[in-house]
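Colleague: If you scroll down you'll find the structure; I have some questions about it.
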Amino acid sequence: MLIHPDRLFPAEPAARDVARRLYEGIKDLPIISPHGHTDPRWYAENEPFLDPATLFVIPDHYIFRMLYSQGVRLEDLGIPTKDGGAVEKDPRAIWRRFAAHYHLFRGTPTRTWLDHTFATLFGFTERLSADNADAYYNRIDEALRMPEFRPRALFERFRIEAIATTESPLDPLKHHQTIRQSGWGGRVVTAYRPDPVVDPDFDGFRENLERFGEITGCDTSTWSGYLEAHRKRRAFFREYGATSTDHGHPTARTADLSRADAEALFRRVSTGDAGPGDAELFRAQMLTEMAAMSVEDGMVMQIHPGSFRNHNQQIYSRFGRDMGADIPSQTDYVGALKPLLDRFGNERNLSVILFTLDETSYSRELAPLAGHYPILKLGPAWWFFDAPEGMRRFRELTTETAGFYNTVGFNDDTRAYLSIPARHDVARRVDCAYLANLVTTHRLDEDEAHELAYDLAYRLAKEAYKL
């Protein structure tokens, strides 16, 4: 068998038995997917996925970054270049190359997700390898041509209750409009990710500001007009179901400048006259401004700091953003969030969900902050740590100080559509294993563990994201 029924459960028999009972009660719960990077075009057009390589390999930086680290050229995996240069076009050749290197994923969450997908969706019982690459490809390719493997059918098969995609303020949301007009009942909402117009280091920032003004009809050459453009765009996103904003800043720094100082800072960054440190200060100020707008309109804030994005300059120059070279960095939260918390930390109608790529901050900073400030909740491990061991460490390092109810369940940060059920299954199994150990060491009663398993798998995410 490709996947074991007791995977990720405790090895100790008594704890394993409890984990099995807990999991049995929550394994089929609907999926709440409040933040991801799936393409809304899939749900809008509901066209068949093209082929196994285009579905599994080309869009998934979890896969191609590992292959690249072992010397496989991105061009040979069909990854498109910015200049339109030559890349492998044969999907079967790409798949064979991936299969020949499948051993590289031993012990990784990617292997866990893929094996789950291969077994549950396509019925494979044998591990992918160079020897069976064509057999895998043929069966998957044949399945993708069937109606039950179209995006909307899979949405329903996966029991997805709600999924949020992530769009820039410059996005017209035409695919979300198409979904709404189609009459299909699947709940696909957007999330407001303003990085292209709040980060002065973002490619084309000044041109983005101009486009932002054109879209909203606001004078984005002025501070007041720029802020009004955000308010208008946030309102537009809410028309298409948005309940959250998302902010991928290099750090968690916040600021609370006077109006005069904020106007002067905006003039510098918007005219190309910024000095050292101005970009970071502007991002910091904008987190506080976004919090103020969330107080007004009720949208939940997500802060995803601590990633040195596009670290590999050659890859960034040739292939663009999000090519697997986002590297975690040490992140301060206690000092960085102080200006925002001084202004809004005790609000009852603001919710800020904090994520981290710096695990050392879990017990030292994040859990104590979330265990005190009413506005703060902790998001689960993401990117490098949305893995079984990362999830377990998250629970171990935050529960004793923040408890379970200052966290927001599970959040699958995925671009790979077919891996969504696998990711949620991993999270549910890891949480059941953690709760089972609490039960068998007599720190939790089993009836409480059943309630918690339900909350962690479903209720907390639904409530935290207002879905």
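By order in the structure tokens, chains are A, B, ...; within a chain, residues start at 1; ligands start at 1, following the order shown.
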Excluding same-chain residues fewer than 4 positions from range 281-292 of chain A, what lies within 9 Å of it counting only C-alpha atoms, as number ranges by chain?
Modeller: A: 195, 198-200, 227, 230, 245, 247, 249, 251-257, 262, 265-266, 269, 277, 296-297, 299-301, 303, 336, 339-340, 343-344, 350-352
Colleague: Limited to C-alpha atoms, could you put the picked residues into a file as a compact mmCIF listing (two decimals), in the first residue's frame?
Modeller:
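again_8.txt, freshly written:
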```
# COMPACT_ATOMS: atom_id res chain seq x y z
CA ASP A 195 2.16 44.28 -1.60
CA VAL A 198 2.65 49.21 -0.47
CA ASP A 199 6.20 47.91 -0.96
CA PRO A 200 8.51 50.50 -2.55
CA LEU A 227 -5.31 55.83 1.31
CA HIS A 230 -7.08 51.36 -0.68
CA THR A 245 -6.08 40.97 3.83
CA HIS A 247 0.73 41.21 3.95
CA HIS A 249 6.53 42.02 4.34
CA THR A 251 9.80 42.07 8.62
CA ALA A 252 6.99 42.52 11.12
CA ARG A 253 7.94 46.16 11.75
CA THR A 254 5.08 48.61 12.27
CA ALA A 255 5.06 52.41 12.70
CA ASP A 256 2.56 55.06 13.72
CA LEU A 257 3.77 58.32 12.23
CA ALA A 262 3.47 60.03 6.80
CA LEU A 265 7.40 59.74 3.64
CA PHE A 266 4.84 58.94 0.94
CA VAL A 269 8.78 56.79 -1.86
CA GLY A 277 15.38 52.96 5.40
CA GLU A 296 -13.40 50.27 9.86
CA ASP A 297 -14.42 47.46 7.50
CA MET A 299 -11.47 42.52 7.35
CA VAL A 300 -9.08 40.14 9.10
CA MET A 301 -5.37 40.97 8.74
CA ILE A 303 0.85 39.21 8.45
CA ALA A 336 8.29 45.39 15.73
CA PRO A 339 3.51 50.74 17.53
CA LEU A 340 0.55 48.88 16.04
CA ARG A 343 -2.74 51.92 18.94
CA PHE A 344 -4.96 48.90 18.32
CA LEU A 350 -9.90 43.85 14.98
CA SER A 351 -8.30 40.48 14.31
CA VAL A 352 -4.65 40.11 13.29
```
Colleague: Got a sec: who's within 6 Å of Lys377 in chain A, counting only C-alpha atoms, leaving out chain neighbours fewer than 3 positions off, as a CSV table (one decimal) with N, CA and C atoms, in the first residue's frame?
Modeller:
```csv
chain,number,residue,atom,x,y,z
A,353,ILE,N,-3.9,38.0,12.4
A,353,ILE,CA,-3.3,36.7,12.5
A,353,ILE,C,-1.8,36.7,12.1
A,370,ALA,N,0.2,36.6,21.7
A,370,ALA,CA,-1.2,36.2,21.4
A,370,ALA,C,-1.9,35.8,22.6
A,406,ASN,N,-6.2,30.6,20.9
A,406,ASN,CA,-5.5,31.8,20.3
A,406,ASN,C,-4.8,31.4,19.0
A,407,THR,N,-5.1,30.3,18.5
A,407,THR,CA,-4.6,29.9,17.2
A,407,THR,C,-5.8,29.7,16.2
```
Colleague: Enumerate, as a PyMOL selection string, the complete set of residues in range 80-213 of chain A that a backbone-based DSSP assignment places in helix (DSSP H, G or I).
Modeller: chain A and resi 91-100+102-105+109-122+133-144+147-149+151-157+174-182+195-198+205-213
Colleague: For range 265-363 of chain A versus range 379-402 of chain A, which residues have an atom no more than 9 Å away, and what is each residue's nearest atom pair and distance in Å rounded to one decimal, using only C-alpha atoms, chain-then-number order, as a tab-separated table?
Modeller:
```
residue	atom	partner	partner_atom	distance
A:Gln302	CA	A:Gly379	CA	8.4
A:Ile327	CA	A:Phe384	CA	8.9
A:Pro328	CA	A:Phe384	CA	8.2
A:Ile353	CA	A:Gly379	CA	5.8
A:Leu354	CA	A:Gly379	CA	5.6
A:Phe355	CA	A:Gly379	CA	5.0
A:Thr356	CA	A:Ala381	CA	7.1
A:Leu357	CA	A:Trp382	CA	7.2
A:Glu359	CA	A:Phe394	CA	7.9
A:Tyr362	CA	A:Leu397	CA	5.9
A:Ser363	CA	A:Leu397	CA	5.1
```
